[in-house]
Amino acid sequence: MKKIEHFIGGNFTSITSKETSLVYNPATGENIAEVSLGNESCINQAVESAKVAFQKWSLETPLNRARKMFKLKEIVETRKDDLAKLITLEHGKTFDDALGEVGRGLEVIEFACGIPSHLAGNFTSDVGTAVDSWSDYRPIGICAGITPFNFPVMVPLWMFPIAIACGNCFILKPSERDPSSTSMLAEMVLEAGIPPGVLNVVNGGKSAVDAILSHPDIGSVSFVGSTPIAHYVYHEAAKYGKKVQAMGGAKNHMVVMPDADMDLVSDSIMGSVFGSAGERCMAISVVVPVGQETGEIIRKNIISKIENLKIGPGIDPSSEMGPLVTKDHLNKVRQYIDKGVQEGAELVVDGRNFSLQGYENGYFLGGSFFDHVNTNMSIYKEEIFGPVMSMVRANDFNDALDMVNKHEYGNGTAIFTSDGGVARKFSNECQIGMVGINVPIPVPVAYHSFGGWKRSVFGGHGVYGMEAVRFYTRLKTITGRWPAGKSSGAQYTFPSNN
Ligand code: NAD
């Protein structure tokens, strides 16, 4: 069976990992690989390797680091199909969707290619007599990233290209559920001429994460995953004095006004609720029609679309939706559907009995649609992370806005309308980090930054874009006097321009 090892100092190594975890093909339920689960000793070795690499890497000029990023971009672009195949094999999403994921990750590498200008500081002459002052951005040292299963290539690429382009070395702890594509990325980094030890990958679960959080030589932690773990990572990392950004879970609402283009609405619902089997932190999971008639139109338009979703293995080009990632996750999502029925929501389309000939052991679930959900139900309050849509009807715009704002999560939201004034009011007043206007999954492009509000985020900076450049650097401000001049005696008052 294939073994997935840690990647430390430019080599795959099984050092001191005795514990392992199995990796499955979710389309067939077959066990396809075994991944080493790292512990404190693996993290220590990765840190030692990063410390050695940092001595030279941090002294490379930003332009030279950018040149390596250009090379990495070329390699990832040339081998994007290989990465996408691995994503599909272990995650289950369709091949085209996996290619889209790689494409969005590539955009972050492209952003990192511009690092010389992103790192530019500022200079002010004559802040005092013969005194100048300038500020610039210096690397932190060793940064770490902990990533979720749902984007095994894109989310690591949200983090390490910018971190290493800023002059840091990086320790990446990918999800243990689909780690192969992340390992392939690490090989590509080496192939791009980025020295061994600049990027290290330690596989594992909680033990590896805890060793990262408490390691005294790791200066920053980036986390993307569920809210309870994001909250834990934020507190632990901060306790040890680290810079930390922790992105959590979501419950994204799509508000549909009566004047919206209803064809666009139903197509947008299908892609954003059921794409990637709902396993996206920016998936729409709650549709909020404003007015009874709007709700009836949506209901009528989407029932047959959900029933006719082409569900199949991700490698089949005709599949629109693949399986869920693991058997445990499949069971969890099924239990939520059971709970929704018990709680009294109307299960209009029931995906629980879906089965695919030839793939009976795969983790497939049909698309499900609950109507007449209310805000007290757990299927509304909690993140399901599966192909389940809840419709909560609102009487008017203010009801809908209030609902969005009262939810504990604040990752993404969207409004569909043909009224610019309504769209503007919604985007200004919603307490949400990423807002779409007639756009269902408003994931910001690489040169903006990604981040939710409320319990979808803990910590100060968004990921990628300029927010990441600030997160992965420390500000240094230098004040200098030339000519140095002769001392006119000790000054005991606070220097000022008066
Ligand atoms: P998860 O929280 O279970 O795991 C994320 C990472 O944390 C993994 O590397 C995992 O090994 C590690 N981990 C798991 N349990 C841990 C524990 N007890 N202690 C320490 N580390 C632990 O998340 P997941 O299931 O892999 O991914 C899905 C979740 O990620 C969803 O909640 C989704 O909304 C969220 N997500 C959020 C964003 C965002 O940017 N806001 C993006 C993608 C996914």
# chains A, B, ... in the order shown; residues from 1 in each chain; ligands from 1
$ residues_around --residues "Gly366 (chain A)" --least-positions-apart "2" --cutoff "10 Å" --atoms "only C-alpha atoms" --output "VMD selection string"
chain A and resid 274 277 306 to 311 321 to 323 349 to 356 364 368 to 369 386 to 388
$ residues_near_ligand --ligand "ligand 1" --cutoff "6 Å" --atoms "only C-alpha atoms and all ligand atoms" --output "number ranges by chain"
A: 146-150, 173-176, 205-206, 209, 224-226, 229, 247-250, 281, 456
$ closest_residue --among "A:Leu22, A:Met159, A:Ala237, A:Ala345" --to "Leu106 (chain A)" --atoms "only C-alpha atoms"
A:Met159
$ residues_around --residues "Lys3 (chain A)" --least-positions-apart "2" --cutoff "6 Å" --atoms "only C-alpha atoms" --output "list in words"
Ala33, Glu34 and Val35 of chain A
$ write_last_selection --atoms "C-alpha atoms" --output "mmCIF file, in the first residue's frame"
data_model
loop_
_atom_site.group_PDB
_atom_site.id
_atom_site.type_symbol
_atom_site.label_atom_id
_atom_site.label_comp_id
_atom_site.auth_asym_id
_atom_site.auth_seq_id
_atom_site.Cartn_x
_atom_site.Cartn_y
_atom_site.Cartn_z
ATOM 1 C CA ALA A 33 -2.819 4.741 1.284
ATOM 2 C CA GLU A 34 -1.447 5.004 4.765
ATOM 3 C CA VAL A 35 -0.213 8.326 6.110
#
$ select_by_dssp --residues "region 169-389 of chain A" --states "alpha helix (DSSP H)" --output "ChimeraX atom specification"
/A:180-191,206-214,227-239,262-274,292-307,327-343,378-381
$ residues_around --residues "region 293-305 of chain A" --least-positions-apart "3" --cutoff "8 Å" --atoms "only C-alpha atoms" --output "list in words"
Val256, Met257, Pro258, Met262, Val265, Ser266, Met270, Val288, Pro289, Val290, Asn308, Leu309, Val348, Val349, Phe369 and Arg393 of chain A
$ atom_distance --atom1 "CA of Phe458 (chain A)" --atom2 "CA of His253 (chain A)"
20.6 Å
$ atom_distance --atom1 "CA of Thr413 (chain A)" --atom2 "CA of Gly278 (chain A)"
14.8 Å
$ residues_around --residues "Val202 (chain A)" --least-positions-apart "3" --cutoff "7 Å" --atoms "only C-alpha atoms" --output "PyMOL selection string"
chain A and resi 6-7+38+42-43+172-173
$ write_last_selection --atoms "N, CA, C and O atoms" --output "PDB file, in the first residue's frame"
ATOM      1  N   HIS A   6       6.368  12.229   5.867  1.00  0.00           N
ATOM      2  CA  HIS A   6       6.618  13.668   6.046  1.00  0.00           C
ATOM      3  C   HIS A   6       7.682  14.113   5.037  1.00  0.00           C
ATOM      4  O   HIS A   6       8.468  13.289   4.560  1.00  0.00           O
ATOM      5  N   PHE A   7       7.712  15.396   4.776  1.00  0.00           N
ATOM      6  CA  PHE A   7       8.698  15.950   3.846  1.00  0.00           C
ATOM      7  C   PHE A   7       9.501  16.985   4.631  1.00  0.00           C
ATOM      8  O   PHE A   7       9.033  18.095   4.880  1.00  0.00           O
ATOM      9  N   GLY A  38       2.506  12.561  12.412  1.00  0.00           N
ATOM     10  CA  GLY A  38       3.671  13.137  13.090  1.00  0.00           C
ATOM     11  C   GLY A  38       3.399  13.465  14.546  1.00  0.00           C
ATOM     12  O   GLY A  38       2.247  13.612  14.967  1.00  0.00           O
ATOM     13  N   CYS A  42       8.757  14.930  15.277  1.00  0.00           N
ATOM     14  CA  CYS A  42       8.753  15.287  13.840  1.00  0.00           C
ATOM     15  C   CYS A  42       8.721  16.808  13.680  1.00  0.00           C
ATOM     16  O   CYS A  42       9.423  17.368  12.829  1.00  0.00           O
ATOM     17  N   ILE A  43       7.887  17.460  14.491  1.00  0.00           N
ATOM     18  CA  ILE A  43       7.806  18.929  14.393  1.00  0.00           C
ATOM     19  C   ILE A  43       9.159  19.528  14.780  1.00  0.00           C
ATOM     20  O   ILE A  43       9.656  20.445  14.109  1.00  0.00           O
ATOM     21  N   LEU A 172       4.104  22.923   7.145  1.00  0.00           N
ATOM     22  CA  LEU A 172       2.714  22.725   6.752  1.00  0.00           C
ATOM     23  C   LEU A 172       2.213  21.415   7.330  1.00  0.00           C
ATOM     24  O   LEU A 172       2.864  20.376   7.183  1.00  0.00           O
ATOM     25  N   LYS A 173       1.048  21.483   7.964  1.00  0.00           N
ATOM     26  CA  LYS A 173       0.415  20.262   8.499  1.00  0.00           C
ATOM     27  C   LYS A 173      -0.914  20.094   7.778  1.00  0.00           C
ATOM     28  O   LYS A 173      -1.927  20.697   8.129  1.00  0.00           O
TER      29      LYS A 173
END
$ closest_residue --among "A:Gln245, A:Ser268, A:Asn31, A:Asn122" --to "Ile441 (chain A)" --atoms "only C-alpha atoms"
A:Ser268
$ closest_residue --among "A:Glu77, A:Glu60, A:Glu320, A:Glu382" --to "Gly103 (chain A)" --atoms "only C-alpha atoms"
A:Glu77
$ residues_around --residues "Ala112 (chain A)" --least-positions-apart "2" --cutoff "7 Å" --atoms "only C-alpha atoms" --output "mmCIF file with all heavy atoms, in the first residue's frame"
data_model
loop_
_atom_site.group_PDB
_atom_site.id
_atom_site.type_symbol
_atom_site.label_atom_id
_atom_site.label_comp_id
_atom_site.auth_asym_id
_atom_site.auth_seq_id
_atom_site.Cartn_x
_atom_site.Cartn_y
_atom_site.Cartn_z
ATOM 1 N N ALA A 66 11.154 35.938 -5.792
ATOM 2 C CA ALA A 66 10.072 36.028 -6.783
ATOM 3 C C ALA A 66 10.364 35.128 -7.983
ATOM 4 O O ALA A 66 9.465 34.483 -8.526
ATOM 5 C CB ALA A 66 9.896 37.474 -7.233
ATOM 6 N N MET A 69 9.307 31.816 -7.383
ATOM 7 C CA MET A 69 7.840 31.713 -7.448
ATOM 8 C C MET A 69 7.366 31.581 -8.896
ATOM 9 O O MET A 69 6.447 30.831 -9.195
ATOM 10 C CB MET A 69 7.185 32.951 -6.808
ATOM 11 C CG MET A 69 7.310 32.983 -5.321
ATOM 12 S SD MET A 69 6.416 31.606 -4.568
ATOM 13 C CE MET A 69 7.551 31.205 -3.273
ATOM 14 N N VAL A 108 -2.624 32.525 -6.298
ATOM 15 C CA VAL A 108 -1.893 33.038 -5.123
ATOM 16 C C VAL A 108 -0.386 32.989 -5.400
ATOM 17 O O VAL A 108 0.357 33.909 -5.027
ATOM 18 C CB VAL A 108 -2.259 32.265 -3.836
ATOM 19 C CG1 VAL A 108 -1.502 32.846 -2.643
ATOM 20 C CG2 VAL A 108 -3.766 32.320 -3.581
ATOM 21 N N ILE A 109 0.075 31.948 -6.096
ATOM 22 C CA ILE A 109 1.501 31.918 -6.462
ATOM 23 C C ILE A 109 1.804 33.121 -7.360
ATOM 24 O O ILE A 109 2.829 33.788 -7.214
ATOM 25 C CB ILE A 109 1.883 30.600 -7.177
ATOM 26 C CG1 ILE A 109 1.510 29.375 -6.335
ATOM 27 C CG2 ILE A 109 3.383 30.579 -7.508
ATOM 28 C CD1 ILE A 109 1.815 28.025 -6.981
ATOM 29 N N GLU A 110 0.887 33.398 -8.284
ATOM 30 C CA GLU A 110 1.085 34.557 -9.176
ATOM 31 C C GLU A 110 1.186 35.853 -8.376
ATOM 32 O O GLU A 110 2.019 36.717 -8.661
ATOM 33 C CB GLU A 110 -0.057 34.645 -10.205
ATOM 34 C CG GLU A 110 0.098 33.590 -11.291
ATOM 35 C CD GLU A 110 -1.136 33.402 -12.165
ATOM 36 O OE1 GLU A 110 -2.248 33.793 -11.757
ATOM 37 O OE2 GLU A 110 -0.987 32.833 -13.249
ATOM 38 N N GLY A 114 4.876 38.828 -7.289
ATOM 39 C CA GLY A 114 5.055 40.290 -7.200
ATOM 40 C C GLY A 114 5.623 40.731 -5.865
ATOM 41 O O GLY A 114 5.503 41.908 -5.500
ATOM 42 N N ILE A 115 6.263 39.815 -5.148
ATOM 43 C CA ILE A 115 6.660 40.121 -3.771
ATOM 44 C C ILE A 115 7.600 41.324 -3.632
ATOM 45 O O ILE A 115 7.496 42.050 -2.641
ATOM 46 C CB ILE A 115 7.225 38.847 -3.063
ATOM 47 C CG1 ILE A 115 7.067 38.970 -1.545
ATOM 48 C CG2 ILE A 115 8.671 38.538 -3.435
ATOM 49 C CD1 ILE A 115 5.672 38.896 -1.040
ATOM 50 N N PRO A 161 3.071 30.044 -0.293
ATOM 51 C CA PRO A 161 3.809 30.828 -1.286
ATOM 52 C C PRO A 161 4.109 32.247 -0.790
ATOM 53 O O PRO A 161 5.223 32.751 -0.948
ATOM 54 C CB PRO A 161 2.879 30.833 -2.502
ATOM 55 C CG PRO A 161 2.055 29.603 -2.346
ATOM 56 C CD PRO A 161 1.829 29.483 -0.868
ATOM 57 N N ILE A 162 3.107 32.873 -0.161
ATOM 58 C CA ILE A 162 3.335 34.251 0.299
ATOM 59 C C ILE A 162 4.289 34.246 1.490
ATOM 60 O O ILE A 162 5.209 35.065 1.568
ATOM 61 C CB ILE A 162 1.997 34.952 0.618
ATOM 62 C CG1 ILE A 162 1.150 35.014 -0.667
ATOM 63 C CG2 ILE A 162 2.238 36.362 1.173
ATOM 64 C CD1 ILE A 162 -0.208 35.633 -0.519
ATOM 65 N N ALA A 165 7.751 33.605 0.109
ATOM 66 C CA ALA A 165 8.195 34.743 -0.714
ATOM 67 C C ALA A 165 8.602 35.917 0.186
ATOM 68 O O ALA A 165 9.468 36.711 -0.172
ATOM 69 C CB ALA A 165 7.085 35.163 -1.672
#
$ closest_residue --among "A:Ala192, A:Val198, A:Tyr464, A:Ser220" --to "Arg67 (chain A)" --atoms "only C-alpha atoms"
A:Ala192
$ select_by_dssp --residues "region 187-411 of chain A" --states "strand (DSSP E)" --output "ChimeraX atom specification"
/A:199-201,220-224,243-247,252-256,284-289,346-349,368-371,388-391,409-410
$ closest_residue --among "A:Ala468, A:Leu185, A:Cys166, A:Ile284" --to "Asn252 (chain A)" --atoms "only C-alpha atoms"
A:Ile284
$ residues_around --residues "Lys68 (chain A)" --least-positions-apart "2" --cutoff "8 Å" --atoms "only C-alpha atoms" --output "compact mmCIF listing (two decimals) with all heavy atoms, in the first residue's frame"
# COMPACT_ATOMS: atom_id res chain seq x y z
N ASN A 64 14.97 37.59 -6.19
CA ASN A 64 15.34 36.18 -6.39
C ASN A 64 14.28 35.24 -5.86
O ASN A 64 14.01 34.20 -6.45
CB ASN A 64 16.69 35.87 -5.74
CG ASN A 64 17.82 36.23 -6.66
OD1 ASN A 64 17.61 36.35 -7.88
ND2 ASN A 64 19.01 36.44 -6.12
N ARG A 65 13.67 35.61 -4.74
CA ARG A 65 12.59 34.76 -4.22
C ARG A 65 11.41 34.78 -5.20
O ARG A 65 10.76 33.77 -5.42
CB ARG A 65 12.18 35.22 -2.82
CG ARG A 65 13.30 35.03 -1.78
CD ARG A 65 12.78 35.07 -0.36
NE ARG A 65 12.15 36.32 0.01
CZ ARG A 65 12.72 37.29 0.75
NH1 ARG A 65 13.95 37.12 1.21
NH2 ARG A 65 12.06 38.37 1.04
N ALA A 66 11.15 35.94 -5.79
CA ALA A 66 10.07 36.03 -6.78
C ALA A 66 10.36 35.13 -7.98
O ALA A 66 9.46 34.48 -8.53
CB ALA A 66 9.90 37.47 -7.23
N PHE A 70 8.03 32.30 -9.80
CA PHE A 70 7.69 32.17 -11.22
C PHE A 70 7.92 30.72 -11.67
O PHE A 70 7.14 30.15 -12.42
CB PHE A 70 8.53 33.12 -12.08
CG PHE A 70 7.98 34.51 -12.14
CD1 PHE A 70 8.58 35.56 -11.47
CD2 PHE A 70 6.85 34.78 -12.91
CE1 PHE A 70 8.06 36.85 -11.53
CE2 PHE A 70 6.33 36.07 -12.98
CZ PHE A 70 6.93 37.10 -12.29
N LYS A 71 9.02 30.14 -11.20
CA LYS A 71 9.34 28.75 -11.57
C LYS A 71 8.28 27.81 -10.99
O LYS A 71 7.81 26.90 -11.67
CB LYS A 71 10.75 28.43 -11.01
CG LYS A 71 11.31 27.13 -11.46
CD LYS A 71 11.82 27.20 -12.90
CE LYS A 71 11.96 25.79 -13.45
NZ LYS A 71 11.72 25.67 -14.86
N LEU A 72 7.93 28.06 -9.73
CA LEU A 72 6.91 27.20 -9.09
C LEU A 72 5.58 27.29 -9.85
O LEU A 72 4.91 26.28 -10.08
CB LEU A 72 6.72 27.62 -7.62
CG LEU A 72 5.67 26.84 -6.84
CD1 LEU A 72 6.04 25.36 -6.73
CD2 LEU A 72 5.48 27.42 -5.43
N ALA A 192 11.36 23.67 -7.99
CA ALA A 192 11.44 25.08 -8.42
C ALA A 192 12.74 25.74 -7.96
O ALA A 192 12.95 26.92 -8.22
CB ALA A 192 10.24 25.85 -7.87
N GLY A 193 13.58 24.98 -7.26
CA GLY A 193 14.85 25.54 -6.81
C GLY A 193 14.75 26.22 -5.45
O GLY A 193 15.68 26.93 -5.04
N ILE A 194 13.65 26.04 -4.79
CA ILE A 194 13.52 26.61 -3.43
C ILE A 194 14.24 25.63 -2.50
O ILE A 194 13.96 24.43 -2.51
CB ILE A 194 12.03 26.80 -3.07
CG1 ILE A 194 11.43 27.86 -4.01
CG2 ILE A 194 11.85 27.18 -1.61
CD1 ILE A 194 9.94 27.95 -4.04
